Protein chains: 2
Amino acid sequence: MPAREPRRGKPTLRDVAERAEVSAMTASRVLRDDPKVLPATRDRVRAAAAALGYRPNEVARSLRLGRGTGLVGLVVTNLANPFYSRLALGVDAVVAGDGLKTVIGNTRQDPRGERDLVADLVARRVDGIIAVPAGADHRHLAAAAADGVPVVLASRPPDGFDADCVLVDDFGGARDATARLLARGHRRVGFLGSPPAVHTGTERLRGYRAALADAGAAADARLVRQGQSQTHEAERAAAELLALPDPPTALFCSNNRNTIGAFRAIRAARTGTDLAGFDDFELADALGLPLTLVAYDSDELGRAAGRLLLDRLRERRSRTAAAAPSRTVVLPTSLVEYGR
Amino acid sequence: MPAREPRRGKPTLRDVAERAEVSAMTASRVLRDDPKVLPATRDRVRAAAAALGYRPNEVARSLRLGRGTGLVGLVVTNLANPFYSRLALGVDAVVAGDGLKTVIGNTRQDPRGERDLVADLVARRVDGIIAVPAGADHRHLAAAAADGVPVVLASRPPDGFDADCVLVDDFGGARDATARLLARGHRRVGFLGSPPAVHTGTERLRGYRAALADAGAAADARLVRQGQSQTHEAERAAAELLALPDPPTALFCSNNRNTIGAFRAIRAARTGTDLAGFDDFELADALGLPLTLVAYDSDELGRAAGRLLLDRLRERRSRTAAAAPSRTVVLPTSLVEYGR
DNA sequence: CTGTTAGCGCGTTCAT
DNA sequence: ATGAACGCGCTAACAG
């Protein structure tokens, strides 16, 4: 039988080479713009490649080169939350600048799923991982880092291992927003937040408490509700607070899901309860109720994470000395007032 | 020099094999749960793999197996738009069920960027591509399909080539919403929509016009503004319509960006203009103005696209007969009323 | 049950 | 300027 079948699957470098009547090596050189090729040969190879619709196989390429795959793994819990999609956008914008693509992994808050996902990303030889871990157990991420895959955490710090990370000033933002409520004369301020396992939730709770302490206001534990991660759960929790015999006159919410839920509850109860929350969101200005929000540059969160990762990858390429110590970037927050 | 250096980079199958004192082949079998291995050997290999922290290299694996990479490319224009992030989520949810991962490509409306992106995805040997093309020129997608990469379009039909696609009932939804406005007695209904090149925009414009014709209402070209893809552009266009000597008494908007912009303009102008739009969105019920929206299951858009792609991939695996004819799924819409 | 051979598509090394 | 040999890490196909 002849050496090679004519049309089996996609054309390979050898197909191009045969058609141009050169060796595979020469074809390879031409297609990578290696200068040491005769112009005439170059044209023949290019013509052959075009005629065959040749596409270099990046899989074979990255195997051979031993470098990474040009893929960055992004691990988030819920892409439907604008917070995460903005993050994804920021990451992608930055890493795309270096020719990298982003692989998304949506874990839906499932810790086991997150473990498998990270393992799979490592097996796929992504160049790096950017993660917003769902839980407090970071061993799977530590394992990835130990396997030599650079890991960058976003929105929560690494626990039990060392890694770059980019955070928001959770404590300061929450404290400032709560202080703003207190400055308006409120004495009973409720708190609505995510489950206690989430770092941002606990930090923001700390900020809320610090503001109360600073103002000499009492910290009533009955006014603190943690555990809501969906708007309808938050609405229910807020309604319960408002129905208390001695209800809070203001509410601070630790994220946009809780703020929106609380808004609905307040509007329904017509109590005129003052409202503040972490995270800015679209249409916050159009709700017809006064609202104090802790804003920050959510795109920048992703971009900063992307930059930290790119720095690690560059460091790795230029086999320079020892690895740089891990870095933490903290994004500032600001208070915005709507409808006032 | 000795045959193999001890610790260079990640451990490979051969490292595991040597440590377990078996051949690479046996190690391979164990790690893939091939039953034809002696339990004792199996344990030794497993122990060796664990001790070394071995991770199979999926890159080498997919090169060897000749199958795809287990990656699905998703091409969208703007992940920050909830419409696209929901789509991404739906796609990922479905394909993840088959062990596939989603690679996102955000084109930011740049047609040239989209061309390069698709070419890159093909070079990376993704198993398939799901795209919401930015423009009307689909030659790059046709090329990918011709290269043997299954392509599924979402939210717009293929132009100039054959492919599966999932659409929303753009025409019907727009016609129904406009008819609702007309049924309330409006005679002058304005239209705000995306640039003419976008399929959904033109279909929805057709629906709007059909409703006008059905009701015997005049189609005043001055009341039609196309070209807005951001809320602030839409707000400006809406304001211009409202400032006309003979302004429309109602507005129909072809997507959520335009609806939100129009909402802001109407609220600012205090004209009480009636408003309807395509796409449901969060907080639409809380805006304090009556609003008629064309709703559909946006997650299902992504899921349906994912399923069409999976069907193609399965068809490909089971080398059955000729390829099935391309399929089109159309999602129904419904009208929802808020604040009325 | 286990090992050997061979090669997926490509690029480095060293010839010529 | 061009080509042959070799191997990246893995696994089908065949021995044994």
# chains A, B, ... in the order shown; residues from 1 in each chain; ligands from 1

$ residues_around --residues "DT2 in chain C" --least-positions-apart "6" --cutoff "12 Å" --atoms "only C-alpha atoms (C1' of nucleotides)" --output "list in words"
Glu21, Val22, Ser23, Ala24, Met25, Thr26, Ala27, Ser28, Arg29, Val30, Lys36, Val37, Leu38, Thr41 and Arg42 of chain B; DA15 and DG16 of chain D

$ interface_residues --of "chain D" --to "chain A" --cutoff "12 Å" --atoms "only C-alpha atoms (C1' of nucleotides)" --output "PyMOL selection string"
chain D and resi 1-10

$ interface_residues --of "chain C" --to "chain B" --cutoff "7 Å" --atoms "only C-alpha atoms (C1' of nucleotides)" --output "MDAnalysis selection string"
chainID C and resid 1:3 8

$ residues_around --residues "Leu308 in chain B" --least-positions-apart "2" --cutoff "8 Å" --atoms "only C-alpha atoms (C1' of nucleotides)" --output "list in words"
Val152, Asp164, Cys165, Ala304, Ala305, Gly306, Leu310, Asp311, Arg312 and Arg327 of chain B

$ interface_residues --of "chain A" --to "chain B" --cutoff "6 Å" --atoms "only C-alpha atoms" --output "PyMOL selection string"
chain A and resi 55-58+80+85-86+102-104+123-124+287

$ write_last_selection --atoms "N, CA and C atoms" --output "short mmCIF file (atom, residue, chain, number, x, y, z; two decimals), in the first residue's frame"
data_model
loop_
_atom_site.label_atom_id
_atom_site.label_comp_id
_atom_site.auth_asym_id
_atom_site.auth_seq_id
_atom_site.Cartn_x
_atom_site.Cartn_y
_atom_site.Cartn_z
N ARG A 55 -4.16 23.58 9.38
CA ARG A 55 -4.19 24.26 10.67
C ARG A 55 -3.19 23.58 11.58
N PRO A 56 -2.21 24.28 12.09
CA PRO A 56 -1.26 23.63 12.99
C PRO A 56 -2.01 23.05 14.19
N ASN A 57 -1.57 21.91 14.62
CA ASN A 57 -2.20 21.25 15.76
C ASN A 57 -1.54 21.72 17.05
N GLU A 58 -2.25 22.59 17.76
CA GLU A 58 -1.69 23.16 18.99
C GLU A 58 -1.48 22.11 20.07
N ALA A 80 -23.61 33.20 36.74
CA ALA A 80 -24.80 34.03 36.53
C ALA A 80 -24.76 35.26 37.41
N SER A 85 -19.16 37.13 36.50
CA SER A 85 -18.97 37.30 35.06
C SER A 85 -18.06 38.50 34.79
N ARG A 86 -18.14 39.53 35.64
CA ARG A 86 -17.21 40.65 35.48
C ARG A 86 -15.79 40.19 35.76
N THR A 102 -9.10 31.52 28.35
CA THR A 102 -9.64 31.21 29.67
C THR A 102 -10.61 30.03 29.60
N VAL A 103 -10.39 29.06 30.45
CA VAL A 103 -11.31 27.92 30.56
C VAL A 103 -12.15 28.14 31.80
N ILE A 104 -13.47 28.17 31.64
CA ILE A 104 -14.28 28.43 32.83
C ILE A 104 -14.72 27.14 33.49
N ALA A 123 -4.65 18.30 35.13
CA ALA A 123 -4.40 17.22 34.17
C ALA A 123 -4.39 17.77 32.74
N ARG A 124 -5.17 18.77 32.50
CA ARG A 124 -5.20 19.38 31.17
C ARG A 124 -4.03 20.30 30.96
N LEU A 287 -34.27 52.45 42.00
CA LEU A 287 -35.19 51.67 42.81
C LEU A 287 -36.17 52.51 43.62
#

$ closest_residue --among "B:Ala136, B:Val189, B:Ala265, B:Ile129" --to "Phe252 in chain B" --atoms "only C-alpha atoms"
B:Val189

$ residues_around --residues "Leu251 in chain B" --least-positions-apart "3" --cutoff "6 Å" --atoms "only C-alpha atoms (C1' of nucleotides)" --output "PyMOL selection string"
chain B and resi 189-191+275

$ write_last_selection --atoms "C-alpha atoms" --output "compact mmCIF listing (two decimals), in the first residue's frame"
# COMPACT_ATOMS: atom_id res chain seq x y z
CA VAL B 189 -45.11 53.62 18.97
CA GLY B 190 -41.36 54.20 18.72
CA PHE B 191 -38.69 51.55 18.21
CA LEU B 275 -42.69 51.02 27.62

$ select_by_dssp --residues "range 106-136 of chain B" --states "strand (DSSP E)" --output "number ranges by chain"
B: 106, 128-131

$ select_by_dssp --residues "range 15-257 of chain A" --states "alpha helix (DSSP H)" --output "ChimeraX atom specification"
/A:15-20,24-31,39-52,58-65,82-96,111-123,139-146,170-183,199-215,231-242,256-257

$ atom_distance --atom1 "CA of Gly193 in chain B" --atom2 "CA of Cys253 in chain B"
5.8 Å

$ closest_residue --among "A:Val91, A:Val330, A:Leu223, A:Ala234" --to "Arg257 in chain A" --atoms "only C-alpha atoms"
A:Ala234

$ atom_distance --atom1 "CA of Leu313 in chain A" --atom2 "CA of Arg112 in chain A"
27.9 Å

$ decode --residues "chain C" --atoms "C-alpha atoms (C1' of nucleotides)" --output "PDB file, in the first residue's frame"
ATOM      1  C1'  DC C   1      -1.617 -10.926  33.016  1.00  0.00           C
ATOM      2  C1'  DT C   2       2.425  -8.251  31.221  1.00  0.00           C
ATOM      3  C1'  DG C   3       5.760  -6.317  27.992  1.00  0.00           C
ATOM      4  C1'  DT C   4       7.316  -4.697  23.212  1.00  0.00           C
ATOM      5  C1'  DT C   5       6.689  -2.082  19.235  1.00  0.00           C
ATOM      6  C1'  DA C   6       4.978   1.755  17.054  1.00  0.00           C
ATOM      7  C1'  DG C   7       3.328   6.327  16.317  1.00  0.00           C
ATOM      8  C1'  DC C   8      -0.330  10.508  17.282  1.00  0.00           C
ATOM      9  C1'  DG C   9       1.839  15.762  15.113  1.00  0.00           C
ATOM     10  C1'  DC C  10       5.277  18.484  15.908  1.00  0.00           C
ATOM     11  C1'  DG C  11      10.066  20.672  16.747  1.00  0.00           C
ATOM     12  C1'  DT C  12      14.971  20.274  18.495  1.00  0.00           C
ATOM     13  C1'  DT C  13      19.573  18.513  17.266  1.00  0.00           C
ATOM     14  C1'  DC C  14      22.745  17.485  14.379  1.00  0.00           C
ATOM     15  C1'  DA C  15      24.083  16.249  10.053  1.00  0.00           C
ATOM     16  C1'  DT C  16      24.636  17.367   5.035  1.00  0.00           C
TER      17       DT C  16
END
